[in-house]
Number of protein chains: 2
Amino acid sequence: MTRIRVHLAGGGGAGVADRSYDILCGPGAADGIGAAVAEAGGRRSVVVADAAVATSHAARVTASLSAAGVEASLLVVPAGERSKSVAAAERLWNELAELAVDRHTHLVGVGGGVVGDLAGFVAATFARGLAVWHVPTTLVAQVDSAIGGKTGINLAAAKNLVGCFWQPRGVLADTTTLETLPDREFTSGLAEVVKYGMILDAGFFNWLEAQASRLVARETSAVTQAVERSAAIKAEVVSQDEFETSGLRAALNYGHTFAHAYETLSGYGQLLHGEAVAIGMCQAARLARLQGMISEEIVDRQTRLLSQLRLPTAAPAGLGSVAELLTVMARDKKSLGGRLRFVLPTSIGSVVLAEGVPEPLVRSVLTDHSTRPAG
Amino acid sequence: MTRIRVHLAGGGGAGVADRSYDILCGPGAADGIGAAVAEAGGRRSVVVADAAVATSHAARVTASLSAAGVEASLLVVPAGERSKSVAAAERLWNELAELAVDRHTHLVGVGGGVVGDLAGFVAATFARGLAVWHVPTTLVAQVDSAIGGKTGINLAAAKNLVGCFWQPRGVLADTTTLETLPDREFTSGLAEVVKYGMILDAGFFNWLEAQASRLVARETSAVTQAVERSAAIKAEVVSQDEFETSGLRAALNYGHTFAHAYETLSGYGQLLHGEAVAIGMCQAARLARLQGMISEEIVDRQTRLLSQLRLPTAAPAGLGSVAELLTVMARDKKSLGGRLRFVLPTSIGSVVLAEGVPEPLVRSVLTDHSTRPAG
């Protein structure tokens, strides 16, 4: 089991003197939730679980809480991106009110990124802030969304447009929960893993190239190493730039401006998040190439690794016109006064934040639906 | 013009290094909004205004912003407590998305407590946090709700159950806006003013007793002094206990556990907030008296002052059964695991937080619909 610390400055709401917290990473980590909540002074908890894991991982979490003397209720939300909605948040708020949840109750989100983002948002906004813990059970949640305190729900207009920064008290990333994950979900999570290599860690990118076949085969030790390294990179970024002000945390949005536009236009759910990110990273790399920022070789290495990991590398046709995509991208949180901003690679392991990218180049990238040879 | 500082520790989201801010208090304060937002780096703003002030105070605020070179859009919400709803928040979120509002846009709430709480909540939750300014135009907002960063909306189950702590960048309390306030609204605000005297400042309570007739006559200098003193007390409490952890800020809830129950059961709007608080303070004082914590004289002094200020001192019959009131109170944010907590006076200018008050005493207070002689 690996313990990774997220260092945060200052205290916060709900009487928290130090907002720093640990990510506990490895097989069986989820069974530590009861002791962790009890040690933090929690006597009462509400587990918010994805329907897909309600009877499996969520039941384990509830049992761990009860065994530690923490009263636990279970609220189940439907699986899928549609649960990141105002309606789903409102349902949870009302259910918490029905349970007479008070300020000292701890919320525990069990499931993928959807449940984590929703439970985090509801925790941030109920009774002006409840303690929340994340038990991510998908790869994308373990390496990315459960870490760093970004919470949110979608509007019809754009993804994650409503949300708060609300740091969890702790994250328990139990790699055994990944064993039951459908292949497509698992593969989708690998896109964020590749992203860490591309934006910050060339050595990790090389390792991923070398381990691609073991990762596709979902070999336990390779998967565990990938999760630990990714979680550690994310924790370091969040520790240095919690509120995305220095530009460092913004680098994590590599591929995401494109990805969010595809996810928004496909009505959420047709493309998995990681699939959209893989497509977005290919488009961002091509955009950098068109501006002479990187060589064709770097574009190809990224495309090849994503292909080897069974991720898509070009947008399927029919997912919105170029005009629609541009409109949605201008509305993205990351845009500034409607001007497009992109995170673009300058090499493997390094990116910059680019503003004022010429629109014809963006159009060119969006029009290109061809997959490149996967080498 | 008086400048009152709210001192806050640590930085926050949206790149804010120091969250401390000023309350500018006095005639014409609202006209300073444009310069204040421009000085804080704002280039774009959205004014969220109560329909009752959209063409008056909000137009003045918009003009001030434009004159300072800050682009300003205006969004109007219906007057009344019903706008503190999930539906109203969702409408604003969507309108902000339509306006392609980005993270650097400043929100400006113009109106009473309802608009301030709603605009603050929407600012706290859009794009993970927008800068917000408050231009309170009612007495209750100027002396209380605009100061301190509590934001929120109501659920059917309980008032203010959904919300965040989200501090404004500044508050501009323009006492000339009070001149157009209907008498009942103005009077309602005086309840919170009396509250400050009761909980923290016996000298201020004495002053209010001496000035009661001038306040009822809405004499400018008396009103301005009452606003300044109240805002200064609130600012001091928030500076010392921003997140309501030490118990000091909780003292501000004097009368509010009862008040929120009446407001919830009357469907929001039948009783004005301050009217409910006046009733709640009388009930809290009686509850303290029943436990021997204060003399009859203190109960009477408070009742007499509230009566002189034309505030109600007992609940009108028919606003919910005792059982309904108790159920709603148990669900209040301030309750702990369903146990009732009350802020109770120990003298004029001093209160304590009381837990485990015997339920029969609470029932007795709730059953008493008689007004006492107003002296």
# chains A, B, ... in the order shown; residues from 1 in each chain; ligands from 1
call {"tool": "interface_residues", "arguments": {"of": "chain B", "to": "chain A", "cutoff": "9 Å", "atoms": "only C-alpha atoms", "output": "number ranges by chain"}}
result
B: 9-15, 44, 86, 90, 93-94, 97-105, 121-122, 124-129, 150-152, 155-158, 160-165, 242-246, 330-338
call {"tool": "residues_around", "arguments": {"residues": "Glu81 of chain A", "least_positions_apart": "6", "cutoff": "10 Å", "atoms": "only C-alpha atoms", "output": "number ranges by chain"}}
result
A: 112-115, 118, 153-154, 159, 263, 267-270, 272-273
call {"tool": "residues_around", "arguments": {"residues": "segment 277-280 of chain B", "least_positions_apart": "6", "cutoff": "12 Å", "atoms": "only C-alpha atoms", "output": "ChimeraX atom specification"}}
result
/B:140,187-195,198,252-263,271,286-287,302-307,309-316,329,342-344,362,365-366,368-372
call {"tool": "select_by_dssp", "arguments": {"residues": "segment 2-96 of chain B", "states": "strand (DSSP E)", "output": "VMD selection string"}}
result
chain B and resid 2 to 6 21 to 26 44 to 50 71 to 77
call {"tool": "residues_around", "arguments": {"residues": "segment 218-234 of chain B", "least_positions_apart": "6", "cutoff": "8 Å", "atoms": "only C-alpha atoms", "output": "PyMOL selection string"}}
result
chain B and resi 2+4+23+25-26+139+142-144+147-148+175+193+196+211
call {"tool": "atom_distance", "arguments": {"atom1": "atom CA of Ser73 of chain B", "atom2": "atom CA of Val48 of chain B"}}
result
8.6 Å
call {"tool": "residues_around", "arguments": {"residues": "Ile298 of chain B", "least_positions_apart": "6", "cutoff": "9 Å", "atoms": "only C-alpha atoms", "output": "list in words"}}
result
Ala285, Arg289, Ser347 and Ile348 of chain B
call {"tool": "write_last_selection", "arguments": {"atoms": "N, CA and C atoms", "output": "PDB file, in the first residue's frame"}}
result
ATOM      1  N   ALA B 285     -35.926  33.931  24.309  1.00  0.00           N
ATOM      2  CA  ALA B 285     -35.840  34.581  25.629  1.00  0.00           C
ATOM      3  C   ALA B 285     -36.751  33.877  26.626  1.00  0.00           C
ATOM      4  N   ARG B 289     -35.828  32.037  30.036  1.00  0.00           N
ATOM      5  CA  ARG B 289     -36.525  32.383  31.278  1.00  0.00           C
ATOM      6  C   ARG B 289     -37.052  31.120  31.969  1.00  0.00           C
ATOM      7  N   SER B 347     -28.023  37.534  29.494  1.00  0.00           N
ATOM      8  CA  SER B 347     -28.262  38.921  29.913  1.00  0.00           C
ATOM      9  C   SER B 347     -28.429  39.719  28.628  1.00  0.00           C
ATOM     10  N   ILE B 348     -28.677  41.028  28.746  1.00  0.00           N
ATOM     11  CA  ILE B 348     -28.646  41.866  27.549  1.00  0.00           C
ATOM     12  C   ILE B 348     -27.186  41.955  27.115  1.00  0.00           C
TER      13      ILE B 348
END
